[in-house]
$ cat protein35.tsv   # TSV, C-alpha atoms
chain	number	residue	atom	x	y	z
A	1	MET	CA	6.96	22.31	8.05
A	2	LYS	CA	10.72	21.71	8.38
A	3	ILE	CA	12.34	19.06	6.19
A	4	ASP	CA	15.95	17.91	6.50
A	5	ILE	CA	17.44	15.66	3.83
A	6	LEU	CA	20.58	13.59	4.37
A	7	THR	CA	22.09	12.92	0.96
A	8	LEU	CA	25.36	12.57	-0.91
A	9	PHE	CA	23.97	14.60	-3.80
A	10	PRO	CA	22.25	17.80	-2.61
A	11	ASP	CA	22.27	19.24	-6.14
A	12	MET	CA	19.81	16.57	-7.24
A	13	PHE	CA	17.10	18.36	-5.25
A	14	ALA	CA	17.13	21.49	-7.41
A	15	PRO	CA	13.58	20.72	-8.72
A	16	LEU	CA	12.23	21.34	-5.22
A	17	GLU	CA	13.19	24.99	-5.60
A	18	HIS	CA	10.54	25.42	-8.31
A	19	SER	CA	6.79	25.15	-8.85
A	20	ILE	CA	4.46	24.61	-5.87
A	21	VAL	CA	7.16	23.40	-3.46
A	22	GLY	CA	9.42	26.34	-4.32
A	23	LYS	CA	6.56	28.79	-3.83
A	24	ALA	CA	5.76	27.22	-0.46
A	25	LYS	CA	9.36	27.91	0.57
A	26	GLU	CA	9.14	31.52	-0.59
A	27	ARG	CA	5.97	32.03	1.45
A	28	GLY	CA	7.55	30.63	4.60
A	29	LEU	CA	5.29	27.57	4.70
A	30	LEU	CA	8.21	25.21	4.22
A	31	ASP	CA	11.86	25.05	5.27
A	32	ILE	CA	14.02	22.50	3.42
A	33	ASN	CA	17.65	21.88	4.32
A	34	TYR	CA	20.10	19.60	2.51
A	35	HIS	CA	22.91	17.89	4.40
A	36	ASN	CA	25.75	16.13	2.59
A	37	PHE	CA	26.74	13.52	5.14
A	38	ARG	CA	30.06	13.00	3.37
A	39	GLU	CA	31.15	16.20	5.09
A	40	ASN	CA	30.86	14.43	8.44
A	41	ALA	CA	32.74	11.29	7.45
A	42	GLU	CA	35.75	10.69	9.72
A	43	LYS	CA	37.63	8.26	7.50
A	44	ALA	CA	39.02	10.37	4.61
A	45	ARG	CA	35.47	11.35	3.69
A	46	HIS	CA	34.61	7.72	2.95
A	47	VAL	CA	30.92	7.06	3.50
A	48	ASP	CA	30.85	3.41	2.40
A	49	ASP	CA	32.73	0.20	3.08
A	50	GLU	CA	32.69	-3.53	2.34
A	51	PRO	CA	30.14	-5.64	4.22
A	52	TYR	CA	31.29	-7.90	7.04
A	53	GLY	CA	30.98	-11.52	6.03
A	54	GLY	CA	31.66	-10.74	2.41
A	55	GLY	CA	29.29	-10.08	-0.44
A	56	GLN	CA	28.94	-7.81	-3.42
A	57	GLY	CA	28.61	-4.04	-3.30
A	58	MET	CA	29.30	-1.45	-0.67
A	59	LEU	CA	27.29	-0.38	2.38
A	60	LEU	CA	26.78	3.09	3.78
A	61	ARG	CA	28.67	3.42	7.04
A	62	ALA	CA	26.78	4.35	10.17
A	63	GLN	CA	29.17	7.04	11.47
A	64	PRO	CA	28.62	9.80	8.85
A	65	ILE	CA	24.86	9.49	9.05
A	66	PHE	CA	24.75	9.35	12.86
A	67	ASP	CA	26.98	12.41	13.20
A	68	THR	CA	24.93	14.37	10.66
A	69	TYR	CA	21.72	13.36	12.40
A	70	ASP	CA	23.09	14.45	15.79
A	71	LYS	CA	23.72	17.95	14.42
A	72	ILE	CA	20.23	18.53	13.02
A	73	ALA	CA	17.67	16.43	14.88
A	74	ALA	CA	15.16	17.95	17.23
A	75	LYS	CA	13.39	15.90	19.88
A	76	ASN	CA	11.75	12.77	18.45
A	77	PRO	CA	11.58	13.77	14.76
A	78	ARG	CA	9.90	11.61	12.11
A	79	VAL	CA	12.84	9.97	10.33
A	80	ILE	CA	12.22	8.33	6.95
A	81	LEU	CA	14.67	5.89	5.42
A	82	LEU	CA	14.23	5.36	1.68
A	83	ASP	CA	14.45	1.60	1.31
A	84	PRO	CA	13.04	-0.75	-1.38
A	85	ALA	CA	12.06	-3.16	1.40
A	86	GLY	CA	9.96	-0.57	3.24
A	87	ARG	CA	6.25	0.14	3.34
A	88	THR	CA	4.90	1.31	-0.01
A	89	PHE	CA	4.24	5.04	-0.16
A	90	ASP	CA	0.67	6.06	-1.05
A	91	GLN	CA	-1.75	8.97	-0.73
A	92	SER	CA	-2.86	8.08	2.78
A	93	TYR	CA	0.77	8.08	3.91
A	94	ALA	CA	1.32	11.49	2.29
A	95	GLU	CA	-1.70	12.79	4.21
A	96	GLU	CA	-0.21	11.37	7.41
A	97	LEU	CA	3.17	13.03	6.83
A	98	ALA	CA	1.51	16.36	6.02
A	99	GLN	CA	0.44	16.55	9.66
A	100	GLU	CA	4.03	16.53	10.93
A	101	ASN	CA	6.06	19.61	11.87
A	102	GLU	CA	9.45	18.08	11.09
A	103	LEU	CA	10.58	15.33	8.72
A	104	ILE	CA	14.04	13.90	8.12
A	105	PHE	CA	14.78	11.87	4.99
A	106	ILE	CA	17.82	9.62	4.73
A	107	CYS	CA	18.76	8.90	1.11
A	108	GLY	CA	20.94	5.88	0.57
A	109	HIS	CA	23.26	4.89	-2.24
A	110	TYR	CA	25.37	1.85	-3.08
A	111	GLU	CA	24.22	-1.63	-2.12
A	112	GLY	CA	22.52	-0.76	1.15
A	113	TYR	CA	22.88	0.46	4.73
A	114	ASP	CA	24.73	-0.62	7.80
A	115	GLU	CA	21.80	-2.05	9.77
A	116	ARG	CA	22.60	0.14	12.79
A	117	ILE	CA	21.49	3.22	10.85
A	118	LYS	CA	17.95	1.93	11.18
A	119	THR	CA	18.01	2.57	14.93
A	120	LEU	CA	17.55	6.27	14.04
A	121	VAL	CA	14.59	5.56	11.79
A	122	THR	CA	10.86	5.71	12.47
A	123	ASP	CA	9.68	4.80	8.95
A	124	GLU	CA	11.19	2.66	6.20
A	125	ILE	CA	9.50	3.60	2.93
A	126	SER	CA	9.57	2.51	-0.70
A	127	ILE	CA	7.85	4.18	-3.65
A	128	GLY	CA	7.37	0.91	-5.51
A	129	ASP	CA	8.64	-2.55	-6.34
A	130	PHE	CA	11.72	-1.47	-8.24
A	131	VAL	CA	15.25	-0.36	-7.36
A	132	LEU	CA	16.72	3.10	-8.01
A	133	THR	CA	20.39	4.07	-7.90
A	134	GLY	CA	19.70	6.12	-4.77
A	135	GLY	CA	16.98	7.48	-2.54
A	136	GLU	CA	16.99	11.06	-3.86
A	137	LEU	CA	14.30	10.65	-6.53
A	138	ALA	CA	12.11	8.72	-4.11
A	139	ALA	CA	12.51	11.43	-1.47
A	140	MET	CA	11.57	14.16	-3.96
A	141	THR	CA	8.46	12.22	-4.94
A	142	MET	CA	7.38	11.84	-1.32
A	143	ILE	CA	8.13	15.47	-0.46
A	144	ASP	CA	6.17	16.79	-3.44
A	145	ALA	CA	3.17	14.59	-2.65
A	146	THR	CA	3.27	15.60	1.02
A	147	VAL	CA	3.94	19.34	0.77
A	148	ARG	CA	1.01	19.99	-1.57
A	149	LEU	CA	-1.30	18.75	1.20
A	150	ILE	CA	-0.11	21.32	3.74
A	151	PRO	CA	-2.85	23.93	4.33
A	152	GLU	CA	-2.38	27.09	2.21
A	153	VAL	CA	0.26	25.53	-0.07
A	154	ILE	CA	-2.10	25.00	-2.99
A	155	GLY	CA	-4.62	27.66	-1.97
A	156	LYS	CA	-7.98	26.01	-2.20
A	157	GLU	CA	-8.44	22.86	-0.14
A	158	ALA	CA	-10.75	21.47	-2.83
A	159	SER	CA	-7.84	21.60	-5.27
A	160	HIS	CA	-6.45	18.36	-3.90
A	161	GLN	CA	-9.54	16.79	-2.35
A	162	ASP	CA	-10.74	15.65	-5.78
A	163	ASP	CA	-7.34	14.30	-6.82
A	164	SER	CA	-6.95	10.67	-7.76
A	165	PHE	CA	-6.56	8.53	-4.61
A	166	SER	CA	-7.64	11.35	-2.25
A	167	SER	CA	-11.21	10.06	-2.33
A	168	GLY	CA	-10.16	6.45	-2.80
A	169	LEU	CA	-11.10	6.58	-6.50
A	170	LEU	CA	-9.28	7.70	-9.62
A	171	GLU	CA	-10.15	11.22	-10.75
A	172	TYR	CA	-12.89	11.83	-13.32
A	173	PRO	CA	-12.06	13.34	-16.77
A	174	GLN	CA	-11.86	17.14	-16.94
A	175	TYR	CA	-12.14	19.65	-19.80
A	176	THR	CA	-11.50	23.32	-20.44
A	177	ARG	CA	-11.91	25.76	-23.37
A	178	PRO	CA	-12.45	25.46	-26.26
A	179	TYR	CA	-15.69	23.45	-26.32
A	180	ASP	CA	-14.81	21.93	-29.70
A	181	PHE	CA	-11.17	21.06	-30.36
A	182	ARG	CA	-10.47	19.26	-33.63
A	183	GLY	CA	-13.91	17.72	-33.57
A	184	MET	CA	-13.61	16.53	-29.97
A	185	THR	CA	-16.31	18.18	-27.86
A	186	VAL	CA	-16.92	18.56	-24.15
A	187	PRO	CA	-19.60	16.22	-22.71
A	188	ASP	CA	-22.96	18.01	-22.79
A	189	VAL	CA	-23.62	17.39	-19.10
A	190	LEU	CA	-20.71	19.66	-18.18
A	191	MET	CA	-22.28	22.48	-20.20
A	192	SER	CA	-25.73	22.00	-18.66
A	193	GLY	CA	-25.24	24.03	-15.48
A	194	HIS	CA	-27.14	21.30	-13.61
A	195	HIS	CA	-24.94	20.75	-10.57
A	196	ASN	CA	-26.40	17.43	-9.44
A	197	ASN	CA	-26.18	15.93	-12.92
A	198	ILE	CA	-22.56	17.09	-13.16
A	199	ARG	CA	-21.78	15.61	-9.73
A	200	ARG	CA	-23.31	12.27	-10.69
A	201	TRP	CA	-21.52	12.18	-14.06
A	202	ARG	CA	-18.19	12.81	-12.36
A	203	LEU	CA	-18.89	10.09	-9.82
A	204	GLU	CA	-19.82	7.65	-12.58
A	205	GLU	CA	-16.65	8.43	-14.51
A	206	SER	CA	-14.49	8.07	-11.40
A	207	LEU	CA	-16.00	4.68	-10.65
A	208	ARG	CA	-15.71	3.59	-14.28
A	209	LYS	CA	-12.04	4.59	-14.55
A	210	THR	CA	-11.20	2.96	-11.21
A	211	TYR	CA	-13.01	-0.26	-12.10
A	212	LEU	CA	-11.23	-0.49	-15.46
A	213	ARG	CA	-7.74	0.65	-14.44
A	214	ARG	CA	-7.33	0.02	-10.71
A	215	PRO	CA	-9.97	-2.49	-9.56
A	216	ASP	CA	-7.77	-3.27	-6.57
A	217	LEU	CA	-8.72	0.10	-5.08
A	218	LEU	CA	-12.35	-0.98	-4.94
A	219	GLU	CA	-11.59	-4.01	-2.79
A	220	THR	CA	-11.33	-1.88	0.35
A	221	TYR	CA	-13.45	1.09	-0.78
A	222	GLU	CA	-16.49	1.88	1.38
A	223	PHE	CA	-19.33	2.41	-1.09
A	224	SER	CA	-22.33	4.59	-0.48
A	225	LYS	CA	-25.65	3.19	-1.69
A	226	GLU	CA	-25.53	5.48	-4.72
A	227	GLU	CA	-21.97	4.45	-5.61
A	228	ALA	CA	-22.78	0.74	-5.31
A	229	GLU	CA	-25.77	1.15	-7.63
A	230	ILE	CA	-23.74	3.13	-10.17
A	231	LEU	CA	-20.95	0.54	-10.18
A	232	GLU	CA	-23.42	-2.30	-10.79
A	233	THR	CA	-24.83	-0.36	-13.74
A	234	ILE	CA	-21.32	0.18	-15.12
A	235	LYS	CA	-20.55	-3.53	-14.82
A	236	ARG	CA	-23.76	-4.46	-16.65
A	237	GLU	CA	-23.02	-1.98	-19.44
A	238	LEU	CA	-19.50	-3.32	-19.89
A	239	ASP	CA	-20.71	-6.93	-19.86
A	240	GLU	CA	-23.29	-6.10	-22.54
A	241	MET	CA	-20.63	-4.41	-24.68
A	242	LYS	CA	-18.40	-7.46	-24.31
A	243	ASP	CA	-21.24	-9.83	-25.28
A	244	LYS	CA	-21.94	-7.78	-28.42
A	245	LYS	CA	-18.29	-7.97	-29.47
A	246	ASP	CA	-18.21	-11.72	-28.87

$ encode --input "protein35.tsv" --output "C-alpha cells"
Amino acid sequence: MKIDILTLFPDMFAPLEHSIVGKAKERGLLDINYHNFRENAEKARHVDDEPYGGGQGMLLRAQPIFDTYDKIAAKNPRVILLDPAGRTFDQSYAEELAQENELIFICGHYEGYDERIKTLVTDEISIGDFVLTGGELAAMTMIDATVRLIPEVIGKEASHQDDSFSSGLLEYPQYTRPYDFRGMTVPDVLMSGHHNNIRRWRLEESLRKTYLRRPDLLETYEFSKEEAEILETIKRELDEMKDKKD
C-alpha cells in the first residue's frame, strides 16, 4: 500500500516509523511519504488566510494543497480529508481502506479549509466528536488501524480477527503466565484444554462486556441462536444480581 500525507508538520509522524507500521515499511509492505504543502505555497509560503465575509480564525488556502496534490496523485486515488464534520471512523471503515492500493490524507490546521479543497476529496472523516489542533493525530490513528489489517503485516490473520469490533463485539478477557499472580488466578476453563468450553466462555465474556460497556453495538449485531440464548442468560443473571442488591 502507498500512503501520501499532506501536512504542515511531517515530523509529527515519527511514531509511524516504529512498531508494526515501521516493520511493515521495512518489509516493503507499505510506502509512506510526507509532503509539507507549505513548500508549494506561492504567496511567501503562506498557507492560510482570512475568510471571505469575515469571521474568526484562518482558513487553509486551496493553492498549496492543490499544487501538492497535482505532484503526487495517481489516477483516481482515495483522498481522505480529516474533518470533525466527516463520517466517524470505525473498524469497518479501516477494513474498507485496507483494501486500497493508494491513500492520500490531507491534514488541516487553523480554523478550517477553503471549501474548494474538498473537490479533491473522496472521503471526509472524523475520529470522534471532539476537535484537535490539527489532523495529524487523527491521520496517524487511521493509518495505524488500517495498516495492521493488510495481509502479512501482523503475520497471523487470526491476530486481528478476534480484536474488539472486528467481530462486532468487544474482545473477551485474556490471560498469560503466571497462573497465580498476587492471588489473582486464571479462570479454570482456560486451563481445561476443552476447546468448545473455552470457545463458549470467550463468547459469553465478549457478549457480557459488550452488553455492559457498549450496548449500542448490539443494536445492529446479527445474533446467532447460541449468542441470543447466551445474552438472555446474561441479562437474567444481571437482573437477579441487581434485585439482590436492592

$ residues_around --input "protein35.tsv" --residues "His35 of chain A" --least-positions-apart "3" --cutoff "7 Å" --atoms "only C-alpha atoms" --output "ChimeraX atom specification"
/A:5-7

$ atom_distance --input "protein35.tsv" --atom1 "atom CA of Tyr221 of chain A" --atom2 "atom CA of Tyr93 of chain A"
16.5 Å

$ closest_residue --input "protein35.tsv" --among "A:Arg199, A:Arg27, A:Arg182, A:Lys225" --to "Glu152 of chain A" --atoms "only C-alpha atoms"
A:Arg27

$ atom_distance --input "protein35.tsv" --atom1 "atom CA of Val153 of chain A" --atom2 "atom CA of Leu207 of chain A"
28.5 Å

$ closest_atom_pairs --input "protein35.tsv" --of "segment 129-218 of chain A" --to "segment 68-92 of chain A" --cutoff "12 Å" --atoms "all atoms listed in the file" --output "JSON lines"
{"residue": "A:Asp129", "atom": "CA", "partner": "A:Pro84", "partner_atom": "CA", "distance": 6.9}
{"residue": "A:Phe130", "atom": "CA", "partner": "A:Pro84", "partner_atom": "CA", "distance": 7.0}
{"residue": "A:Val131", "atom": "CA", "partner": "A:Pro84", "partner_atom": "CA", "distance": 6.4}
{"residue": "A:Leu132", "atom": "CA", "partner": "A:Pro84", "partner_atom": "CA", "distance": 8.5}
{"residue": "A:Thr133", "atom": "CA", "partner": "A:Pro84", "partner_atom": "CA", "distance": 10.9}
{"residue": "A:Gly134", "atom": "CA", "partner": "A:Leu82", "partner_atom": "CA", "distance": 8.5}
{"residue": "A:Gly135", "atom": "CA", "partner": "A:Leu82", "partner_atom": "CA", "distance": 5.5}
{"residue": "A:Glu136", "atom": "CA", "partner": "A:Leu82", "partner_atom": "CA", "distance": 8.4}
{"residue": "A:Leu137", "atom": "CA", "partner": "A:Leu82", "partner_atom": "CA", "distance": 9.8}
{"residue": "A:Ala138", "atom": "CA", "partner": "A:Leu82", "partner_atom": "CA", "distance": 7.0}
{"residue": "A:Ala139", "atom": "CA", "partner": "A:Leu82", "partner_atom": "CA", "distance": 7.1}
{"residue": "A:Met140", "atom": "CA", "partner": "A:Leu82", "partner_atom": "CA", "distance": 10.8}
{"residue": "A:Thr141", "atom": "CA", "partner": "A:Phe89", "partner_atom": "CA", "distance": 9.6}
{"residue": "A:Met142", "atom": "CA", "partner": "A:Phe89", "partner_atom": "CA", "distance": 7.6}
{"residue": "A:Ile143", "atom": "CA", "partner": "A:Ile80", "partner_atom": "CA", "distance": 11.1}
{"residue": "A:Asp144", "atom": "CA", "partner": "A:Gln91", "partner_atom": "CA", "distance": 11.5}
{"residue": "A:Ala145", "atom": "CA", "partner": "A:Gln91", "partner_atom": "CA", "distance": 7.7}
{"residue": "A:Thr146", "atom": "CA", "partner": "A:Gln91", "partner_atom": "CA", "distance": 8.5}
{"residue": "A:Val147", "atom": "CA", "partner": "A:Gln91", "partner_atom": "CA", "distance": 11.9}
{"residue": "A:Arg148", "atom": "CA", "partner": "A:Gln91", "partner_atom": "CA", "distance": 11.4}
{"residue": "A:Leu149", "atom": "CA", "partner": "A:Gln91", "partner_atom": "CA", "distance": 10.0}
{"residue": "A:His160", "atom": "CA", "partner": "A:Gln91", "partner_atom": "CA", "distance": 11.0}
{"residue": "A:Gln161", "atom": "CA", "partner": "A:Gln91", "partner_atom": "CA", "distance": 11.2}
{"residue": "A:Asp163", "atom": "CA", "partner": "A:Gln91", "partner_atom": "CA", "distance": 9.8}
{"residue": "A:Ser164", "atom": "CA", "partner": "A:Gln91", "partner_atom": "CA", "distance": 8.9}
{"residue": "A:Phe165", "atom": "CA", "partner": "A:Gln91", "partner_atom": "CA", "distance": 6.2}
{"residue": "A:Ser166", "atom": "CA", "partner": "A:Gln91", "partner_atom": "CA", "distance": 6.5}
{"residue": "A:Ser167", "atom": "CA", "partner": "A:Gln91", "partner_atom": "CA", "distance": 9.7}
{"residue": "A:Gly168", "atom": "CA", "partner": "A:Gln91", "partner_atom": "CA", "distance": 9.0}
{"residue": "A:Leu169", "atom": "CA", "partner": "A:Gln91", "partner_atom": "CA", "distance": 11.2}
{"residue": "A:Leu170", "atom": "CA", "partner": "A:Gln91", "partner_atom": "CA", "distance": 11.7}
{"residue": "A:Leu217", "atom": "CA", "partner": "A:Asp90", "partner_atom": "CA", "distance": 11.8}

$ write_last_selection --input "protein35.tsv" --atoms "C-alpha atoms" --output "mmCIF file, keeping the file's coordinate frame"
data_model
loop_
_atom_site.group_PDB
_atom_site.id
_atom_site.type_symbol
_atom_site.label_atom_id
_atom_site.label_comp_id
_atom_site.auth_asym_id
_atom_site.auth_seq_id
_atom_site.Cartn_x
_atom_site.Cartn_y
_atom_site.Cartn_z
ATOM 1 C CA ASP A 129 8.640 -2.550 -6.340
ATOM 2 C CA PHE A 130 11.720 -1.470 -8.240
ATOM 3 C CA VAL A 131 15.250 -0.360 -7.360
ATOM 4 C CA LEU A 132 16.720 3.100 -8.010
ATOM 5 C CA THR A 133 20.390 4.070 -7.900
ATOM 6 C CA GLY A 134 19.700 6.120 -4.770
ATOM 7 C CA GLY A 135 16.980 7.480 -2.540
ATOM 8 C CA GLU A 136 16.990 11.060 -3.860
ATOM 9 C CA LEU A 137 14.300 10.650 -6.530
ATOM 10 C CA ALA A 138 12.110 8.720 -4.110
ATOM 11 C CA ALA A 139 12.510 11.430 -1.470
ATOM 12 C CA MET A 140 11.570 14.160 -3.960
ATOM 13 C CA THR A 141 8.460 12.220 -4.940
ATOM 14 C CA MET A 142 7.380 11.840 -1.320
ATOM 15 C CA ILE A 143 8.130 15.470 -0.460
ATOM 16 C CA ASP A 144 6.170 16.790 -3.440
ATOM 17 C CA ALA A 145 3.170 14.590 -2.650
ATOM 18 C CA THR A 146 3.270 15.600 1.020
ATOM 19 C CA VAL A 147 3.940 19.340 0.770
ATOM 20 C CA ARG A 148 1.010 19.990 -1.570
ATOM 21 C CA LEU A 149 -1.300 18.750 1.200
ATOM 22 C CA HIS A 160 -6.450 18.360 -3.900
ATOM 23 C CA GLN A 161 -9.540 16.790 -2.350
ATOM 24 C CA ASP A 163 -7.340 14.300 -6.820
ATOM 25 C CA SER A 164 -6.950 10.670 -7.760
ATOM 26 C CA PHE A 165 -6.560 8.530 -4.610
ATOM 27 C CA SER A 166 -7.640 11.350 -2.250
ATOM 28 C CA SER A 167 -11.210 10.060 -2.330
ATOM 29 C CA GLY A 168 -10.160 6.450 -2.800
ATOM 30 C CA LEU A 169 -11.100 6.580 -6.500
ATOM 31 C CA LEU A 170 -9.280 7.700 -9.620
ATOM 32 C CA LEU A 217 -8.720 0.100 -5.080
#
